[in-house]
Amino acid sequence: MTLLSTELSDIVGARHVLQRATELLVYESDARPGDRKRPRLAVFPGTRDEAIAVVRALHRARMPFVPRGAGTGLSGGALADDVVLIGLQRLRRIISVDPESRSAVVESGVVNTSLTKAATPFGLHYAPDPSSQAACTIGGNVAENAGGPHCLKYGVTLNHVLAATVILPGGDIVRLERPGDGGAGYDLLGAYVGSEGCFGVTLDVTVRLTPNPEAIRTLLADFTSVDDAARAASAIVAAGILPAALELMD
């Protein structure tokens with residue numbers, strides 16, 4: 001491991017390779033309480049080229065690894081059990097925002113709400129809104145196929161990802177895109193979104209941006225039973241009204 005950590009330090013700089021147990025404590029868990037797995041070491045590339053070089057170095061060393069975004073998930077997808085953890089939160093460039101095509105290209109470590117802030121001047125936003133959107137990253141959203149309250153109307157991450165540039169475990173770089181309407185072939189992008197980092201490491205993502213609503217109205221209704229509230233929610237959807245969100249508070 002000393003030789004490997006030295007090689008990784010040469011790639012990303014010694015300050016971006018963590019090995020001491022005290023340094024790794026914060027990376028032992030995600031947002032789900034109870035599950036703790038300590039990585040053997042953690043490495044944090046700061047550029048696209050560094051990320052590629054790190055994955056290729058780990059492949060040559062036959063060392064398993066787990067990519068990690070902000071660690072706000074609840075499924076354990078970011079836990080590295082005695083293997084190398086690749087933290088991607090330094091890859092935080094918003095490469096482009098295109099209001100005409102209503103799309104944006106961002107690196108894996110861009111925070112969810114940062115993308116919406118960049119799109120706001122164009123009257124657009126990034127619709128998937130997990131509860132951790134102020135901290136979670138787009139790459140992590142892709143790995144977990146994250147959703148949020150607005151997925152009732154707008155869908156989850158999968159419905160808003162147009163393409164992704166990915167480092168495969170062996171170090172090859174691939175571009176995953178959706179087949180066109182009626183196009184032949186497998187939807188490899190659809191298989192990749194939600195794979196929890198098992199298929200590769202996300203370098204950048206092309207996402208769909210959504211126009212901001214012209215107006216927002218929030219309504220609160222009080223019911224005497226949970227059954228009545230549930231029936232009301234079903235009746236709203238059955239009437240052809242699709243709210244941005246429906247939340248039941250017991």
# chains A, B, ... in the order shown; residues from 1 in each chain; ligands from 1

call {"tool": "select_by_dssp", "arguments": {"residues": "region 27-234 of chain A", "states": "alpha helix (DSSP H)", "output": "MDAnalysis selection string"}}
result
chainID A and resid 48:60 112:119 138:144 151:154 188:192 226:234

call {"tool": "residues_around", "arguments": {"residues": "Leu18 (chain A)", "least_positions_apart": "4", "cutoff": "10 Å", "atoms": "only C-alpha atoms", "output": "PyMOL selection string"}}
result
chain A and resi 5+9+14+22-24+39-44+85

call {"tool": "closest_atom_pairs", "arguments": {"of": "region 12-125 of chain A", "to": "region 143-160 of chain A", "cutoff": "12 Å", "atoms": "only C-alpha atoms", "output": "JSON lines"}}
result
{"residue": "A:Val66", "atom": "CA", "partner": "A:Ala143", "partner_atom": "CA", "distance": 11.2}
{"residue": "A:Pro67", "atom": "CA", "partner": "A:Ala143", "partner_atom": "CA", "distance": 9.2}
{"residue": "A:Arg68", "atom": "CA", "partner": "A:Ala143", "partner_atom": "CA", "distance": 9.0}
{"residue": "A:Gly69", "atom": "CA", "partner": "A:Ala143", "partner_atom": "CA", "distance": 9.0}
{"residue": "A:Ala70", "atom": "CA", "partner": "A:Ala143", "partner_atom": "CA", "distance": 11.5}
{"residue": "A:Gly71", "atom": "CA", "partner": "A:Glu144", "partner_atom": "CA", "distance": 10.8}
{"residue": "A:Thr72", "atom": "CA", "partner": "A:Glu144", "partner_atom": "CA", "distance": 10.2}
{"residue": "A:Gly73", "atom": "CA", "partner": "A:Glu144", "partner_atom": "CA", "distance": 7.3}
{"residue": "A:Leu74", "atom": "CA", "partner": "A:Glu144", "partner_atom": "CA", "distance": 9.1}
{"residue": "A:Ser75", "atom": "CA", "partner": "A:Glu144", "partner_atom": "CA", "distance": 8.2}
{"residue": "A:Gly76", "atom": "CA", "partner": "A:Glu144", "partner_atom": "CA", "distance": 9.9}
{"residue": "A:Gly77", "atom": "CA", "partner": "A:Glu144", "partner_atom": "CA", "distance": 7.5}
{"residue": "A:Ala78", "atom": "CA", "partner": "A:Ala143", "partner_atom": "CA", "distance": 9.2}
{"residue": "A:Arg102", "atom": "CA", "partner": "A:His160", "partner_atom": "CA", "distance": 10.8}
{"residue": "A:Ser103", "atom": "CA", "partner": "A:His160", "partner_atom": "CA", "distance": 9.3}
{"residue": "A:Ala104", "atom": "CA", "partner": "A:His160", "partner_atom": "CA", "distance": 10.6}
{"residue": "A:Val105", "atom": "CA", "partner": "A:His160", "partner_atom": "CA", "distance": 12.0}
{"residue": "A:Ser108", "atom": "CA", "partner": "A:Ala143", "partner_atom": "CA", "distance": 10.1}
{"residue": "A:Gly109", "atom": "CA", "partner": "A:Ala143", "partner_atom": "CA", "distance": 12.0}
{"residue": "A:Asn112", "atom": "CA", "partner": "A:Ala146", "partner_atom": "CA", "distance": 10.7}
{"residue": "A:His125", "atom": "CA", "partner": "A:His160", "partner_atom": "CA", "distance": 11.2}

call {"tool": "select_by_dssp", "arguments": {"residues": "region 59-214 of chain A", "states": "strand (DSSP E or B)", "output": "number ranges by chain"}}
result
A: 65-68, 84-87, 94-98, 103-107, 111, 124-125, 137, 161-167, 173-177, 201-208, 210-211

call {"tool": "write_last_selection", "arguments": {"atoms": "N, CA and C atoms", "output": "CSV table (one decimal), in the first residue's frame"}}
result
chain,number,residue,atom,x,y,z
A,65,PHE,N,-11.9,-0.3,-5.7
A,65,PHE,CA,-12.2,1.0,-5.2
A,65,PHE,C,-13.7,1.3,-5.3
A,66,VAL,N,-14.1,2.3,-4.5
A,66,VAL,CA,-15.5,2.8,-4.5
A,66,VAL,C,-15.5,4.3,-4.7
A,67,PRO,N,-16.2,4.8,-5.7
A,67,PRO,CA,-16.3,6.3,-5.9
A,67,PRO,C,-17.3,6.8,-4.9
A,68,ARG,N,-17.1,8.1,-4.5
A,68,ARG,CA,-18.0,8.7,-3.5
A,68,ARG,C,-18.2,10.2,-3.8
A,84,VAL,N,-9.9,1.2,-1.6
A,84,VAL,CA,-9.7,2.6,-1.8
A,84,VAL,C,-11.0,3.3,-2.1
A,85,LEU,N,-11.1,4.5,-1.5
A,85,LEU,CA,-12.2,5.4,-1.7
A,85,LEU,C,-11.7,6.5,-2.6
A,86,ILE,N,-12.5,6.7,-3.7
A,86,ILE,CA,-12.2,7.9,-4.6
A,86,ILE,C,-13.2,8.9,-4.4
A,87,GLY,N,-12.8,10.0,-3.8
A,87,GLY,CA,-13.7,11.1,-3.5
A,87,GLY,C,-13.7,12.1,-4.7
A,94,ILE,N,-18.9,23.7,-13.5
A,94,ILE,CA,-20.0,23.7,-14.4
A,94,ILE,C,-19.5,24.1,-15.8
A,95,ILE,N,-19.4,23.1,-16.7
A,95,ILE,CA,-18.7,23.2,-17.9
A,95,ILE,C,-19.5,24.1,-18.9
A,96,SER,N,-20.8,24.0,-18.9
A,96,SER,CA,-21.6,24.8,-19.8
A,96,SER,C,-23.1,24.7,-19.4
A,97,VAL,N,-23.8,25.8,-19.6
A,97,VAL,CA,-25.3,25.9,-19.5
A,97,VAL,C,-25.8,26.5,-20.8
A,98,ASP,N,-26.6,25.7,-21.5
A,98,ASP,CA,-27.1,26.0,-22.8
A,98,ASP,C,-28.7,26.3,-22.7
A,103,SER,N,-30.1,22.5,-21.5
A,103,SER,CA,-29.2,21.4,-21.0
A,103,SER,C,-28.0,22.1,-20.3
A,104,ALA,N,-27.3,21.3,-19.6
A,104,ALA,CA,-26.0,21.7,-19.0
A,104,ALA,C,-25.1,20.5,-18.9
A,105,VAL,N,-23.8,20.8,-18.9
A,105,VAL,CA,-22.8,19.8,-18.7
A,105,VAL,C,-22.0,20.2,-17.5
A,106,VAL,N,-21.9,19.3,-16.5
A,106,VAL,CA,-21.3,19.5,-15.2
A,106,VAL,C,-20.4,18.4,-14.8
A,107,GLU,N,-19.4,18.7,-14.1
A,107,GLU,CA,-18.5,17.6,-13.5
A,107,GLU,C,-19.2,16.9,-12.4
A,111,VAL,N,-22.4,20.5,-6.8
A,111,VAL,CA,-23.5,20.4,-5.9
A,111,VAL,C,-24.9,20.6,-6.6
A,124,LEU,N,-34.5,28.7,-15.8
A,124,LEU,CA,-34.4,27.2,-15.8
A,124,LEU,C,-34.0,26.7,-14.5
A,125,HIS,N,-34.2,25.4,-14.2
A,125,HIS,CA,-33.7,24.8,-13.0
A,125,HIS,C,-33.5,23.3,-13.2
A,137,THR,N,-24.0,15.8,-4.6
A,137,THR,CA,-23.4,16.1,-5.9
A,137,THR,C,-24.2,15.4,-7.0
A,161,VAL,N,-31.1,12.9,-17.1
A,161,VAL,CA,-29.7,12.7,-17.6
A,161,VAL,C,-29.7,12.3,-19.0
A,162,LEU,N,-29.0,13.1,-19.8
A,162,LEU,CA,-28.9,12.9,-21.3
A,162,LEU,C,-27.7,12.1,-21.7
A,163,ALA,N,-26.6,12.3,-21.0
A,163,ALA,CA,-25.4,11.6,-21.3
A,163,ALA,C,-24.4,11.6,-20.1
A,164,ALA,N,-23.4,10.8,-20.2
A,164,ALA,CA,-22.4,10.8,-19.1
A,164,ALA,C,-21.1,10.3,-19.7
A,165,THR,N,-20.0,10.9,-19.2
A,165,THR,CA,-18.7,10.5,-19.6
A,165,THR,C,-18.1,9.7,-18.4
A,166,VAL,N,-17.7,8.5,-18.6
A,166,VAL,CA,-17.5,7.5,-17.5
A,166,VAL,C,-16.1,6.9,-17.7
A,167,ILE,N,-15.4,6.7,-16.5
A,167,ILE,CA,-14.2,5.9,-16.5
A,167,ILE,C,-14.6,4.5,-16.1
A,173,ILE,N,-12.2,5.2,-21.2
A,173,ILE,CA,-13.2,6.3,-21.1
A,173,ILE,C,-14.3,6.0,-22.1
A,174,VAL,N,-15.6,6.1,-21.7
A,174,VAL,CA,-16.7,5.9,-22.6
A,174,VAL,C,-17.7,7.0,-22.4
A,175,ARG,N,-18.4,7.2,-23.5
A,175,ARG,CA,-19.5,8.2,-23.5
A,175,ARG,C,-20.8,7.4,-23.6
A,176,LEU,N,-21.6,7.6,-22.6
A,176,LEU,CA,-22.9,6.9,-22.6
A,176,LEU,C,-24.0,7.9,-22.9
A,177,GLU,N,-24.9,7.5,-23.9
A,177,GLU,CA,-26.0,8.4,-24.3
A,177,GLU,C,-27.2,7.5,-24.5
A,201,VAL,N,-16.7,5.3,-12.9
A,201,VAL,CA,-16.6,6.6,-12.2
A,201,VAL,C,-17.0,7.7,-13.1
A,202,THR,N,-18.0,8.5,-12.7
A,202,THR,CA,-18.5,9.5,-13.5
A,202,THR,C,-17.6,10.7,-13.6
A,203,LEU,N,-17.2,11.2,-14.8
A,203,LEU,CA,-16.4,12.4,-14.9
A,203,LEU,C,-17.3,13.6,-15.1
A,204,ASP,N,-18.2,13.5,-16.1
A,204,ASP,CA,-19.1,14.6,-16.3
A,204,ASP,C,-20.5,14.1,-16.7
A,205,VAL,N,-21.5,14.9,-16.6
A,205,VAL,CA,-22.9,14.5,-16.9
A,205,VAL,C,-23.5,15.6,-17.7
A,206,THR,N,-24.3,15.3,-18.7
A,206,THR,CA,-25.1,16.2,-19.5
A,206,THR,C,-26.5,16.0,-19.0
A,207,VAL,N,-27.1,17.1,-18.4
A,207,VAL,CA,-28.4,17.0,-17.8
A,207,VAL,C,-29.4,17.9,-18.5
A,208,ARG,N,-30.7,17.5,-18.4
A,208,ARG,CA,-31.8,18.3,-18.9
A,208,ARG,C,-32.2,19.4,-17.9
A,210,THR,N,-35.1,22.3,-16.7
A,210,THR,CA,-36.6,22.5,-16.8
A,210,THR,C,-37.0,23.9,-16.6
A,211,PRO,N,-37.9,24.4,-17.5
A,211,PRO,CA,-38.3,25.8,-17.3
A,211,PRO,C,-39.0,26.0,-15.9

call {"tool": "residues_around", "arguments": {"residues": "Asp222 (chain A)", "least_positions_apart": "2", "cutoff": "12 Å", "atoms": "only C-alpha atoms", "output": "PyMOL selection string"}}
result
chain A and resi 219-220+224-226+228-230+232+248-250

call {"tool": "write_last_selection", "arguments": {"atoms": "all heavy atoms", "output": "compact mmCIF listing (two decimals), in the first residue's frame"}}
result
# COMPACT_ATOMS: atom_id res chain seq x y z
N LEU A 219 -50.77 24.62 -0.99
CA LEU A 219 -52.04 24.44 -0.30
C LEU A 219 -51.87 23.47 0.86
O LEU A 219 -51.12 22.50 0.76
CB LEU A 219 -53.10 23.88 -1.26
CG LEU A 219 -53.35 24.68 -2.54
CD1 LEU A 219 -54.41 23.98 -3.40
CD2 LEU A 219 -53.80 26.10 -2.22
N LEU A 220 -52.56 23.73 1.95
CA LEU A 220 -52.56 22.85 3.12
C LEU A 220 -54.00 22.44 3.43
O LEU A 220 -54.88 23.30 3.55
CB LEU A 220 -51.95 23.56 4.34
CG LEU A 220 -52.02 22.81 5.67
CD1 LEU A 220 -51.18 21.54 5.62
CD2 LEU A 220 -51.56 23.72 6.81
N THR A 224 -59.31 14.47 9.07
CA THR A 224 -59.51 13.83 10.37
C THR A 224 -58.95 12.42 10.42
O THR A 224 -58.89 11.81 11.48
CB THR A 224 -61.01 13.79 10.71
OG1 THR A 224 -61.72 13.12 9.66
CG2 THR A 224 -61.57 15.20 10.86
N SER A 225 -58.56 11.87 9.25
CA SER A 225 -57.97 10.53 9.24
C SER A 225 -56.97 10.42 8.10
O SER A 225 -57.07 11.13 7.09
CB SER A 225 -59.05 9.45 9.08
OG SER A 225 -59.53 9.41 7.75
N VAL A 226 -56.00 9.52 8.26
CA VAL A 226 -55.01 9.28 7.23
C VAL A 226 -55.67 8.71 5.98
O VAL A 226 -55.31 9.06 4.84
CB VAL A 226 -53.91 8.33 7.74
CG1 VAL A 226 -52.96 7.91 6.61
CG2 VAL A 226 -53.12 8.98 8.87
N ASP A 228 -58.66 9.35 4.80
CA ASP A 228 -59.28 10.43 4.05
C ASP A 228 -58.23 11.23 3.27
O ASP A 228 -58.44 11.63 2.12
CB ASP A 228 -60.03 11.37 4.99
CG ASP A 228 -61.32 10.74 5.52
OD1 ASP A 228 -61.78 9.74 4.93
OD2 ASP A 228 -61.86 11.25 6.53
N ALA A 229 -57.09 11.48 3.90
CA ALA A 229 -56.02 12.22 3.23
C ALA A 229 -55.50 11.44 2.03
O ALA A 229 -55.25 12.01 0.95
CB ALA A 229 -54.88 12.50 4.22
N ALA A 230 -55.32 10.12 2.19
CA ALA A 230 -54.83 9.29 1.09
C ALA A 230 -55.83 9.28 -0.07
O ALA A 230 -55.44 9.35 -1.24
CB ALA A 230 -54.56 7.87 1.59
N ALA A 232 -57.94 11.61 -0.81
CA ALA A 232 -57.91 12.93 -1.44
C ALA A 232 -56.73 13.04 -2.40
O ALA A 232 -56.87 13.58 -3.51
CB ALA A 232 -57.83 14.02 -0.37
N LEU A 248 -47.75 13.99 2.72
CA LEU A 248 -48.64 13.64 3.82
C LEU A 248 -47.88 13.80 5.14
O LEU A 248 -46.84 13.17 5.34
CB LEU A 248 -49.15 12.21 3.67
CG LEU A 248 -49.96 11.64 4.83
CD1 LEU A 248 -51.26 12.41 5.01
CD2 LEU A 248 -50.24 10.16 4.62
N MET A 249 -48.39 14.62 6.02
CA MET A 249 -47.78 14.81 7.33
C MET A 249 -48.75 14.28 8.39
O MET A 249 -49.84 14.83 8.55
CB MET A 249 -47.47 16.29 7.57
CG MET A 249 -46.41 16.84 6.64
SD MET A 249 -46.03 18.59 6.94
CE MET A 249 -47.55 19.36 6.36
N ASP A 250 -48.38 13.22 9.06
CA ASP A 250 -49.25 12.60 10.07
C ASP A 250 -48.95 13.26 11.41
O ASP A 250 -47.88 13.04 11.98
CB ASP A 250 -48.97 11.08 10.10
CG ASP A 250 -49.87 10.35 11.07
OD1 ASP A 250 -50.66 11.02 11.76
OD2 ASP A 250 -49.77 9.13 11.16

call {"tool": "closest_residue", "arguments": {"among": "A:Val54, A:Ala118, A:Leu25, A:Leu246", "to": "Ile11 (chain A)", "atoms": "only C-alpha atoms"}}
result
A:Val54

call {"tool": "closest_residue", "arguments": {"among": "A:Asp227, A:Glu28, A:Asp172, A:Asp10", "to": "Val83 (chain A)", "atoms": "only C-alpha atoms"}}
result
A:Glu28

call {"tool": "closest_residue", "arguments": {"among": "A:Arg48, A:Thr2, A:Leu115, A:Ala80", "to": "Asp35 (chain A)", "atoms": "only C-alpha atoms"}}
result
A:Ala80

call {"tool": "atom_distance", "arguments": {"atom1": "CA of Asp187 (chain A)", "atom2": "CA of Asp129 (chain A)"}}
result
23.9 Å

call {"tool": "closest_residue", "arguments": {"among": "A:Gly139, A:Gly200, A:Pro121, A:Gly13", "to": "Val55 (chain A)", "atoms": "only C-alpha atoms"}}
result
A:Gly200

call {"tool": "decode", "arguments": {"residues": "region 162-176 of chain A", "atoms": "all heavy atoms", "output": "short mmCIF file (atom, residue, chain, number, x, y, z; two decimals), in the first residue's frame"}}
result
data_model
loop_
_atom_site.label_atom_id
_atom_site.label_comp_id
_atom_site.auth_asym_id
_atom_site.auth_seq_id
_atom_site.Cartn_x
_atom_site.Cartn_y
_atom_site.Cartn_z
N LEU A 162 -28.99 13.10 -19.85
CA LEU A 162 -28.94 12.90 -21.29
C LEU A 162 -27.71 12.11 -21.71
O LEU A 162 -27.74 11.39 -22.71
CB LEU A 162 -28.96 14.25 -22.01
CG LEU A 162 -30.16 15.16 -21.70
CD1 LEU A 162 -29.96 16.52 -22.36
CD2 LEU A 162 -31.44 14.51 -22.17
N ALA A 163 -26.61 12.27 -20.97
CA ALA A 163 -25.37 11.59 -21.32
C ALA A 163 -24.42 11.64 -20.14
O ALA A 163 -24.60 12.45 -19.22
CB ALA A 163 -24.72 12.23 -22.55
N ALA A 164 -23.41 10.79 -20.16
CA ALA A 164 -22.40 10.79 -19.10
C ALA A 164 -21.08 10.31 -19.68
O ALA A 164 -21.05 9.40 -20.52
CB ALA A 164 -22.81 9.90 -17.94
N THR A 165 -20.01 10.95 -19.24
CA THR A 165 -18.66 10.48 -19.56
C THR A 165 -18.15 9.71 -18.36
O THR A 165 -18.14 10.23 -17.24
CB THR A 165 -17.72 11.65 -19.87
OG1 THR A 165 -18.29 12.45 -20.92
CG2 THR A 165 -16.36 11.14 -20.34
N VAL A 166 -17.72 8.47 -18.59
CA VAL A 166 -17.47 7.53 -17.50
C VAL A 166 -16.09 6.88 -17.66
O VAL A 166 -15.68 6.54 -18.78
CB VAL A 166 -18.55 6.42 -17.49
CG1 VAL A 166 -18.26 5.38 -16.42
CG2 VAL A 166 -19.93 7.04 -17.28
N ILE A 167 -15.39 6.72 -16.54
CA ILE A 167 -14.17 5.91 -16.51
C ILE A 167 -14.57 4.50 -16.11
O ILE A 167 -15.09 4.29 -15.01
CB ILE A 167 -13.14 6.43 -15.49
CG1 ILE A 167 -13.01 7.95 -15.52
CG2 ILE A 167 -11.78 5.77 -15.71
CD1 ILE A 167 -12.17 8.51 -14.38
N LEU A 168 -14.35 3.56 -16.98
CA LEU A 168 -14.63 2.16 -16.64
C LEU A 168 -13.57 1.66 -15.66
O LEU A 168 -12.49 2.24 -15.55
CB LEU A 168 -14.64 1.31 -17.91
CG LEU A 168 -15.73 1.65 -18.94
CD1 LEU A 168 -15.62 0.71 -20.14
CD2 LEU A 168 -17.11 1.60 -18.32
N PRO A 169 -13.86 0.58 -14.92
CA PRO A 169 -12.92 0.10 -13.91
C PRO A 169 -11.52 -0.19 -14.45
O PRO A 169 -10.54 -0.09 -13.71
CB PRO A 169 -13.59 -1.17 -13.39
CG PRO A 169 -15.05 -0.92 -13.58
CD PRO A 169 -15.15 -0.14 -14.86
N GLY A 170 -11.41 -0.53 -15.72
CA GLY A 170 -10.10 -0.78 -16.30
C GLY A 170 -9.37 0.46 -16.77
O GLY A 170 -8.24 0.37 -17.24
N GLY A 171 -10.03 1.62 -16.69
CA GLY A 171 -9.38 2.87 -17.06
C GLY A 171 -9.79 3.41 -18.42
O GLY A 171 -9.39 4.52 -18.79
N ASP A 172 -10.60 2.67 -19.18
CA ASP A 172 -11.09 3.17 -20.46
C ASP A 172 -12.15 4.25 -20.24
O ASP A 172 -12.89 4.21 -19.26
CB ASP A 172 -11.69 2.04 -21.30
CG ASP A 172 -10.65 1.02 -21.74
OD1 ASP A 172 -9.48 1.43 -21.92
OD2 ASP A 172 -10.99 -0.16 -21.88
N ILE A 173 -12.23 5.20 -21.18
CA ILE A 173 -13.20 6.29 -21.11
C ILE A 173 -14.29 6.02 -22.13
O ILE A 173 -14.01 5.76 -23.31
CB ILE A 173 -12.55 7.64 -21.40
CG1 ILE A 173 -11.25 7.81 -20.57
CG2 ILE A 173 -13.53 8.78 -21.10
CD1 ILE A 173 -11.45 7.71 -19.09
N VAL A 174 -15.55 6.08 -21.67
CA VAL A 174 -16.68 5.87 -22.58
C VAL A 174 -17.68 7.01 -22.42
O VAL A 174 -17.77 7.64 -21.37
CB VAL A 174 -17.39 4.51 -22.33
CG1 VAL A 174 -16.44 3.35 -22.60
CG2 VAL A 174 -17.95 4.44 -20.91
N ARG A 175 -18.41 7.23 -23.49
CA ARG A 175 -19.50 8.21 -23.49
C ARG A 175 -20.81 7.45 -23.59
O ARG A 175 -21.05 6.72 -24.55
CB ARG A 175 -19.34 9.14 -24.68
CG ARG A 175 -20.49 10.10 -24.91
CD ARG A 175 -20.38 11.33 -24.07
NE ARG A 175 -21.34 12.36 -24.48
CZ ARG A 175 -21.56 13.47 -23.80
NH1 ARG A 175 -20.88 13.72 -22.69
NH2 ARG A 175 -22.43 14.37 -24.23
N LEU A 176 -21.65 7.57 -22.58
CA LEU A 176 -22.93 6.89 -22.55
C LEU A 176 -24.02 7.87 -22.90
O LEU A 176 -24.12 8.95 -22.30
CB LEU A 176 -23.19 6.28 -21.17
CG LEU A 176 -22.15 5.30 -20.64
CD1 LEU A 176 -22.54 4.81 -19.25
CD2 LEU A 176 -21.99 4.12 -21.58
#
